[in-house]
Amino acid sequence: MDSRLAVELAGIRLRNPVMVCSGTFGSGSEYGDFLDLESLGALVTKSVTLNPRAGNPPPRIWETPSGMLNSIGLENKGVERFIQEDLAHLSALELPVIASVAGSSVEEYVEVAGRLSDSGRASALELNVSCPNVKRGGVEFGLESQAACELVTRVKERCGVPIFVKLSPLVPDMGAMARLLQEAGADGLSLINTVPGMAVDIEGKKPRLGAVTGGLSGPAIHPIAVRSVWTARQQVGIPIIGMGGITDWRSALELIVAGANAVAVGTANFTDPQATIKIIGGMESFVQARGLDRIGELVGSLRV
Ligand code: RRO
């Protein structure tokens, strides 16, 4: 382990800046056969709601050129079972766990966040205000700054752990949104969620996804993520977790140079369960070759 990769995010110490994105890593244990979870910087769990949700009709996944559409529809077992079954096991690891929170009302977000915070088993929370695949509780809290800021204020009043806000790339003014969220007390930002999209079967004249539309992830969206991180970084000092289409250490470092303090790998885990480990190795070689004392020197080092 190379201590030059260590970073601190909102008071949480990570052994390296490489995390996994919400929704792409199950509850962690599914990947235990492929890698040592304690090699990761942190793990972000799939978004949970107050009550269990069955999710959207199949098909839920469609592969696209350089990407993947998903429409899972926030399937989850509900916050209580998640705390008892998944967080209990994850919190035994030497690994910061960030629990992702969703809801269809401010009250639901506050309740779910409060229970997770009270459990003492999450190092931080990620407020998902950018799910493209549900009718309520998705982007309506995350595209309009007043609604997003009110949500953050309410959740912060209730919780004792740092709060990251995960935003959609569709936020009309990413810089202004980032600044207002920082003023509202957000401890950090997670940029970006998937990009709304759809695909069509031209023979059957049907949508490829059961829910018709979905969220696009994978290399196709990486430049959108870099631009979102860079735009937000010019307005805020709070930590940014950069994500969207990371495939290797170079695409991860692009986000860091653009302004991210840490990165999260998502779709790449599906094609290579060891993608994160390879990215960490590549970062180690990079800091070594450049003679850097710590990877943090690269954060926002972009010269424009
Ligand atoms: O469950 C999903 O369909 C989903 C969620 Br909650 C999200 O935040 N982003 C995404 O691409 N899919």
# chains A, B, ... in the order shown; residues from 1 in each chain; ligands from 1
$ residues_near_ligand --ligand "ligand 1" --cutoff "10 Å" --atoms "only C-alpha atoms and all ligand atoms" --output "MDAnalysis selection string"
chainID A and resid 21:24 46:49 53 55:56 60:61 68:76 100:103 127:134 137:139 166:168 192:196 211 213:217
$ residues_around --residues "region 3-7 of chain A" --least-positions-apart "6" --cutoff "6 Å" --atoms "only C-alpha atoms" --output "JSON, numbers by chain"
{"A": [14, 15, 16, 293, 294, 295]}
$ write_last_selection --atoms "C-alpha atoms" --output "compact mmCIF listing (two decimals), in the first residue's frame"
# COMPACT_ATOMS: atom_id res chain seq x y z
CA LEU A 14 -9.24 6.80 2.57
CA ARG A 15 -6.19 4.63 1.87
CA ASN A 16 -6.49 5.63 -1.78
CA ASP A 293 4.61 13.34 -2.38
CA ARG A 294 0.87 12.72 -2.43
CA ILE A 295 -1.81 12.29 -5.06
$ atom_distance --atom1 "CA of Val299 (chain A)" --atom2 "CA of Val257 (chain A)"
5.1 Å
$ atom_distance --atom1 "CA of Ser145 (chain A)" --atom2 "CA of Cys159 (chain A)"
20.7 Å
$ closest_residue --among "A:Val18, A:Leu209, A:Leu143, A:Lys135" --to "Asp248 (chain A)" --atoms "only C-alpha atoms"
A:Val18
$ select_by_dssp --residues "region 237-301 of chain A" --states "strand (DSSP E or B)" --output "list in words"
Ile240, Ile241, Gly242, Met243, Ala262, Val263, Ala264 and Val265 of chain A
$ write_last_selection --atoms "N, CA, C and O atoms" --output "PDB file, in the first residue's frame"
ATOM      1  N   ILE A 240     -15.022  16.654  -4.004  1.00  0.00           N
ATOM      2  CA  ILE A 240     -15.819  16.133  -5.119  1.00  0.00           C
ATOM      3  C   ILE A 240     -15.348  14.708  -5.405  1.00  0.00           C
ATOM      4  O   ILE A 240     -14.145  14.455  -5.522  1.00  0.00           O
ATOM      5  N   ILE A 241     -16.322  13.794  -5.472  1.00  0.00           N
ATOM      6  CA  ILE A 241     -16.031  12.425  -5.920  1.00  0.00           C
ATOM      7  C   ILE A 241     -16.433  12.385  -7.396  1.00  0.00           C
ATOM      8  O   ILE A 241     -17.602  12.606  -7.735  1.00  0.00           O
ATOM      9  N   GLY A 242     -15.462  12.131  -8.256  1.00  0.00           N
ATOM     10  CA  GLY A 242     -15.723  12.140  -9.696  1.00  0.00           C
ATOM     11  C   GLY A 242     -16.022  10.745 -10.202  1.00  0.00           C
ATOM     12  O   GLY A 242     -15.347   9.783  -9.834  1.00  0.00           O
ATOM     13  N   MET A 243     -17.045  10.631 -11.030  1.00  0.00           N
ATOM     14  CA  MET A 243     -17.397   9.312 -11.581  1.00  0.00           C
ATOM     15  C   MET A 243     -18.134   9.480 -12.892  1.00  0.00           C
ATOM     16  O   MET A 243     -18.757  10.515 -13.147  1.00  0.00           O
ATOM     17  N   ALA A 262     -11.461  12.382  -5.218  1.00  0.00           N
ATOM     18  CA  ALA A 262     -11.482  10.918  -5.275  1.00  0.00           C
ATOM     19  C   ALA A 262     -12.315  10.554  -6.492  1.00  0.00           C
ATOM     20  O   ALA A 262     -12.985  11.415  -7.077  1.00  0.00           O
ATOM     21  N   VAL A 263     -12.265   9.283  -6.864  1.00  0.00           N
ATOM     22  CA  VAL A 263     -13.041   8.843  -8.022  1.00  0.00           C
ATOM     23  C   VAL A 263     -13.809   7.586  -7.656  1.00  0.00           C
ATOM     24  O   VAL A 263     -13.448   6.873  -6.711  1.00  0.00           O
ATOM     25  N   ALA A 264     -14.861   7.311  -8.411  1.00  0.00           N
ATOM     26  CA  ALA A 264     -15.611   6.073  -8.193  1.00  0.00           C
ATOM     27  C   ALA A 264     -15.770   5.365  -9.532  1.00  0.00           C
ATOM     28  O   ALA A 264     -16.076   5.988 -10.550  1.00  0.00           O
ATOM     29  N   VAL A 265     -15.536   4.067  -9.488  1.00  0.00           N
ATOM     30  CA  VAL A 265     -15.593   3.227 -10.693  1.00  0.00           C
ATOM     31  C   VAL A 265     -16.930   2.501 -10.689  1.00  0.00           C
ATOM     32  O   VAL A 265     -17.335   1.941  -9.659  1.00  0.00           O
TER      33      VAL A 265
END
$ select_by_dssp --residues "region 52-145 of chain A" --states "alpha helix (DSSP H)" --output "ChimeraX atom specification"
/A:79-81,88-90,106-119,145
$ write_last_selection --atoms "N, CA and C atoms" --output "CSV table (one decimal), in the first residue's frame"
chain,number,residue,atom,x,y,z
A,79,VAL,N,-34.6,0.2,4.1
A,79,VAL,CA,-33.4,0.6,4.9
A,79,VAL,C,-33.2,-0.3,6.1
A,80,GLU,N,-34.2,-0.8,6.7
A,80,GLU,CA,-34.0,-1.6,7.9
A,80,GLU,C,-33.3,-2.9,7.6
A,81,ARG,N,-33.7,-3.6,6.6
A,81,ARG,CA,-33.1,-4.9,6.3
A,81,ARG,C,-31.7,-4.6,5.7
A,88,ALA,N,-24.3,-4.3,8.4
A,88,ALA,CA,-23.7,-5.0,9.5
A,88,ALA,C,-22.4,-5.7,9.0
A,89,HIS,N,-22.5,-6.4,7.9
A,89,HIS,CA,-21.3,-7.1,7.4
A,89,HIS,C,-20.2,-6.2,6.8
A,90,LEU,N,-20.7,-5.1,6.1
A,90,LEU,CA,-19.7,-4.2,5.6
A,90,LEU,C,-19.0,-3.4,6.6
A,106,VAL,N,-39.2,14.7,0.9
A,106,VAL,CA,-38.1,15.2,1.8
A,106,VAL,C,-38.2,14.4,3.1
A,107,GLU,N,-39.4,14.1,3.6
A,107,GLU,CA,-39.5,13.3,4.8
A,107,GLU,C,-38.9,12.0,4.7
A,108,GLU,N,-39.1,11.3,3.6
A,108,GLU,CA,-38.5,10.0,3.4
A,108,GLU,C,-37.0,10.0,3.4
A,109,TYR,N,-36.4,11.0,2.7
A,109,TYR,CA,-35.0,11.1,2.7
A,109,TYR,C,-34.4,11.3,4.1
A,110,VAL,N,-35.1,12.2,4.8
A,110,VAL,CA,-34.6,12.5,6.2
A,110,VAL,C,-34.7,11.3,7.1
A,111,GLU,N,-35.8,10.5,6.9
A,111,GLU,CA,-36.0,9.3,7.8
A,111,GLU,C,-34.9,8.3,7.4
A,112,VAL,N,-34.7,8.0,6.2
A,112,VAL,CA,-33.7,7.0,5.7
A,112,VAL,C,-32.3,7.4,6.2
A,113,ALA,N,-32.0,8.7,5.9
A,113,ALA,CA,-30.7,9.2,6.2
A,113,ALA,C,-30.5,9.1,7.8
A,114,GLY,N,-31.5,9.5,8.5
A,114,GLY,CA,-31.4,9.5,10.0
A,114,GLY,C,-31.2,8.1,10.5
A,115,ARG,N,-31.9,7.1,10.0
A,115,ARG,CA,-31.7,5.7,10.4
A,115,ARG,C,-30.3,5.2,10.1
A,116,LEU,N,-29.8,5.6,8.9
A,116,LEU,CA,-28.5,5.1,8.5
A,116,LEU,C,-27.4,5.8,9.4
A,117,SER,N,-27.6,7.1,9.7
A,117,SER,CA,-26.7,7.8,10.5
A,117,SER,C,-26.7,7.2,11.9
A,118,ASP,N,-27.9,7.0,12.5
A,118,ASP,CA,-28.0,6.5,13.8
A,118,ASP,C,-27.4,5.1,13.9
A,119,SER,N,-27.4,4.3,12.8
A,119,SER,CA,-26.9,2.9,12.9
A,119,SER,C,-25.4,2.9,13.3
A,145,SER,N,-32.2,24.1,-7.7
A,145,SER,CA,-31.3,24.3,-6.5
A,145,SER,C,-32.0,24.5,-5.2
$ closest_residue --among "A:Gly291, A:Gly67, A:Gly11, A:Gly296" --to "Ala260 (chain A)" --atoms "only C-alpha atoms"
A:Gly296
$ decode --residues "region 41-187 of chain A" --atoms "C-alpha atoms" --output "short mmCIF file (atom, residue, chain, number, x, y, z; two decimals), in the first residue's frame"
data_model
loop_
_atom_site.label_atom_id
_atom_site.label_comp_id
_atom_site.auth_asym_id
_atom_site.auth_seq_id
_atom_site.Cartn_x
_atom_site.Cartn_y
_atom_site.Cartn_z
CA GLY A 41 -10.53 3.58 -0.88
CA ALA A 42 -14.22 3.32 0.01
CA LEU A 43 -17.40 1.58 -1.06
CA VAL A 44 -20.70 3.25 -1.90
CA THR A 45 -23.75 1.03 -1.51
CA LYS A 46 -26.86 0.83 -3.72
CA SER A 47 -29.45 3.49 -2.91
CA VAL A 48 -31.99 2.50 -0.29
CA THR A 49 -35.46 3.80 0.43
CA LEU A 50 -37.64 3.56 3.52
CA ASN A 51 -39.63 0.57 2.25
CA PRO A 52 -38.57 -2.25 -0.08
CA ARG A 53 -38.98 -1.58 -3.80
CA ALA A 54 -39.40 -4.21 -6.53
CA GLY A 55 -37.86 -2.06 -9.25
CA ASN A 56 -38.71 -1.74 -12.93
CA PRO A 57 -39.90 -4.44 -15.38
CA PRO A 58 -37.22 -6.31 -17.39
CA PRO A 59 -35.20 -5.97 -19.53
CA ARG A 60 -33.28 -3.65 -17.23
CA ILE A 61 -29.93 -3.53 -19.00
CA TRP A 62 -29.01 -2.80 -22.61
CA GLU A 63 -25.47 -2.57 -23.92
CA THR A 64 -24.72 0.36 -26.23
CA PRO A 65 -21.63 1.45 -28.16
CA SER A 66 -19.12 2.40 -25.44
CA GLY A 67 -21.72 2.22 -22.72
CA MET A 68 -24.64 0.62 -21.02
CA LEU A 69 -28.23 1.64 -20.36
CA ASN A 70 -29.81 0.59 -17.07
CA SER A 71 -33.27 0.94 -15.67
CA ILE A 72 -33.22 -0.93 -12.37
CA GLY A 73 -35.81 1.40 -10.87
CA LEU A 74 -34.28 1.64 -7.42
CA GLU A 75 -34.86 -2.00 -6.47
CA ASN A 76 -33.81 -2.41 -2.85
CA LYS A 77 -34.76 -4.25 0.35
CA GLY A 78 -35.60 -1.16 2.40
CA VAL A 79 -33.44 0.63 4.91
CA GLU A 80 -34.00 -1.62 7.95
CA ARG A 81 -33.05 -4.89 6.25
CA PHE A 82 -30.18 -3.10 4.54
CA ILE A 83 -28.78 -1.97 7.89
CA GLN A 84 -29.20 -5.41 9.49
CA GLU A 85 -28.05 -7.59 6.61
CA ASP A 86 -25.67 -5.57 4.47
CA LEU A 87 -24.27 -2.71 6.54
CA ALA A 88 -23.67 -5.03 9.50
CA HIS A 89 -21.33 -7.13 7.38
CA LEU A 90 -19.69 -4.23 5.56
CA SER A 91 -19.03 -2.20 8.69
CA ALA A 92 -16.89 -5.05 10.05
CA LEU A 93 -14.36 -4.30 7.30
CA GLU A 94 -11.50 -1.81 7.49
CA LEU A 95 -13.19 0.23 4.79
CA PRO A 96 -15.17 3.47 4.83
CA VAL A 97 -18.71 2.74 3.66
CA ILE A 98 -20.83 5.50 2.18
CA ALA A 99 -24.52 4.61 2.16
CA SER A 100 -26.63 5.98 -0.67
CA VAL A 101 -30.06 7.36 0.22
CA ALA A 102 -33.11 7.85 -1.98
CA GLY A 103 -36.72 8.76 -1.32
CA SER A 104 -39.88 10.15 -2.86
CA SER A 105 -40.33 13.00 -0.38
CA VAL A 106 -38.14 15.20 1.80
CA GLU A 107 -39.52 13.34 4.83
CA GLU A 108 -38.51 9.98 3.41
CA TYR A 109 -34.96 11.14 2.65
CA VAL A 110 -34.64 12.54 6.18
CA GLU A 111 -35.99 9.35 7.76
CA VAL A 112 -33.75 7.00 5.75
CA ALA A 113 -30.69 9.21 6.24
CA GLY A 114 -31.43 9.50 9.96
CA ARG A 115 -31.68 5.74 10.45
CA LEU A 116 -28.45 5.13 8.54
CA SER A 117 -26.66 7.82 10.51
CA ASP A 118 -28.02 6.47 13.81
CA SER A 119 -26.87 2.94 12.90
CA GLY A 120 -23.27 4.08 13.34
CA ARG A 121 -22.36 1.79 10.45
CA ALA A 122 -21.90 4.32 7.65
CA SER A 123 -18.95 6.72 7.46
CA ALA A 124 -20.98 9.12 5.32
CA LEU A 125 -24.14 9.30 3.25
CA GLU A 126 -24.67 10.02 -0.41
CA LEU A 127 -27.99 11.69 -1.21
CA ASN A 128 -29.11 10.38 -4.57
CA VAL A 129 -31.11 13.20 -6.09
CA SER A 130 -30.40 12.10 -9.63
CA CYS A 131 -31.89 8.67 -10.33
CA PRO A 132 -33.22 8.85 -13.89
CA ASN A 133 -35.41 5.75 -13.58
CA VAL A 134 -38.17 6.44 -11.07
CA LYS A 135 -41.28 8.57 -11.37
CA ARG A 136 -40.81 10.22 -8.00
CA GLY A 137 -37.73 10.68 -5.85
CA GLY A 138 -35.28 11.01 -8.65
CA VAL A 139 -34.13 14.13 -10.31
CA GLU A 140 -36.95 16.36 -9.10
CA PHE A 141 -34.92 17.03 -5.94
CA GLY A 142 -31.70 17.49 -7.83
CA LEU A 143 -32.30 19.69 -10.84
CA GLU A 144 -33.64 22.71 -9.03
CA SER A 145 -31.28 24.29 -6.52
CA GLN A 146 -33.91 25.43 -4.03
CA ALA A 147 -35.32 21.90 -3.64
CA ALA A 148 -31.84 20.38 -3.43
CA CYS A 149 -30.66 22.90 -0.82
CA GLU A 150 -33.77 22.46 1.31
CA LEU A 151 -33.24 18.71 1.27
CA VAL A 152 -29.61 19.08 2.33
CA THR A 153 -30.52 21.46 5.14
CA ARG A 154 -33.16 19.06 6.47
CA VAL A 155 -30.92 15.99 6.22
CA LYS A 156 -28.00 17.83 7.85
CA GLU A 157 -30.22 18.81 10.80
CA ARG A 158 -31.00 15.13 11.40
CA CYS A 159 -27.67 13.41 10.69
CA GLY A 160 -24.28 13.24 12.36
CA VAL A 161 -22.25 12.00 9.39
CA PRO A 162 -20.94 13.88 6.34
CA ILE A 163 -23.40 14.27 3.47
CA PHE A 164 -22.41 14.02 -0.19
CA VAL A 165 -24.94 15.01 -2.86
CA LYS A 166 -25.00 13.01 -6.08
CA LEU A 167 -26.05 15.11 -9.03
CA SER A 168 -27.28 14.47 -12.53
CA PRO A 169 -25.30 15.74 -15.53
CA LEU A 170 -28.57 17.40 -16.56
CA VAL A 171 -28.28 20.03 -13.80
CA PRO A 172 -28.75 23.21 -15.87
CA ASP A 173 -26.02 25.24 -14.13
CA MET A 174 -23.60 22.86 -12.43
CA GLY A 175 -21.38 25.64 -11.07
CA ALA A 176 -24.24 27.53 -9.42
CA MET A 177 -25.79 24.32 -8.07
CA ALA A 178 -22.45 23.25 -6.55
CA ARG A 179 -21.96 26.64 -4.88
CA LEU A 180 -25.49 26.74 -3.45
CA LEU A 181 -25.21 23.20 -2.11
CA GLN A 182 -21.93 24.06 -0.44
CA GLU A 183 -23.62 27.08 1.16
CA ALA A 184 -26.48 24.84 2.30
CA GLY A 185 -24.00 22.67 4.19
CA ALA A 186 -23.26 19.79 1.82
CA ASP A 187 -19.98 18.19 2.84
#
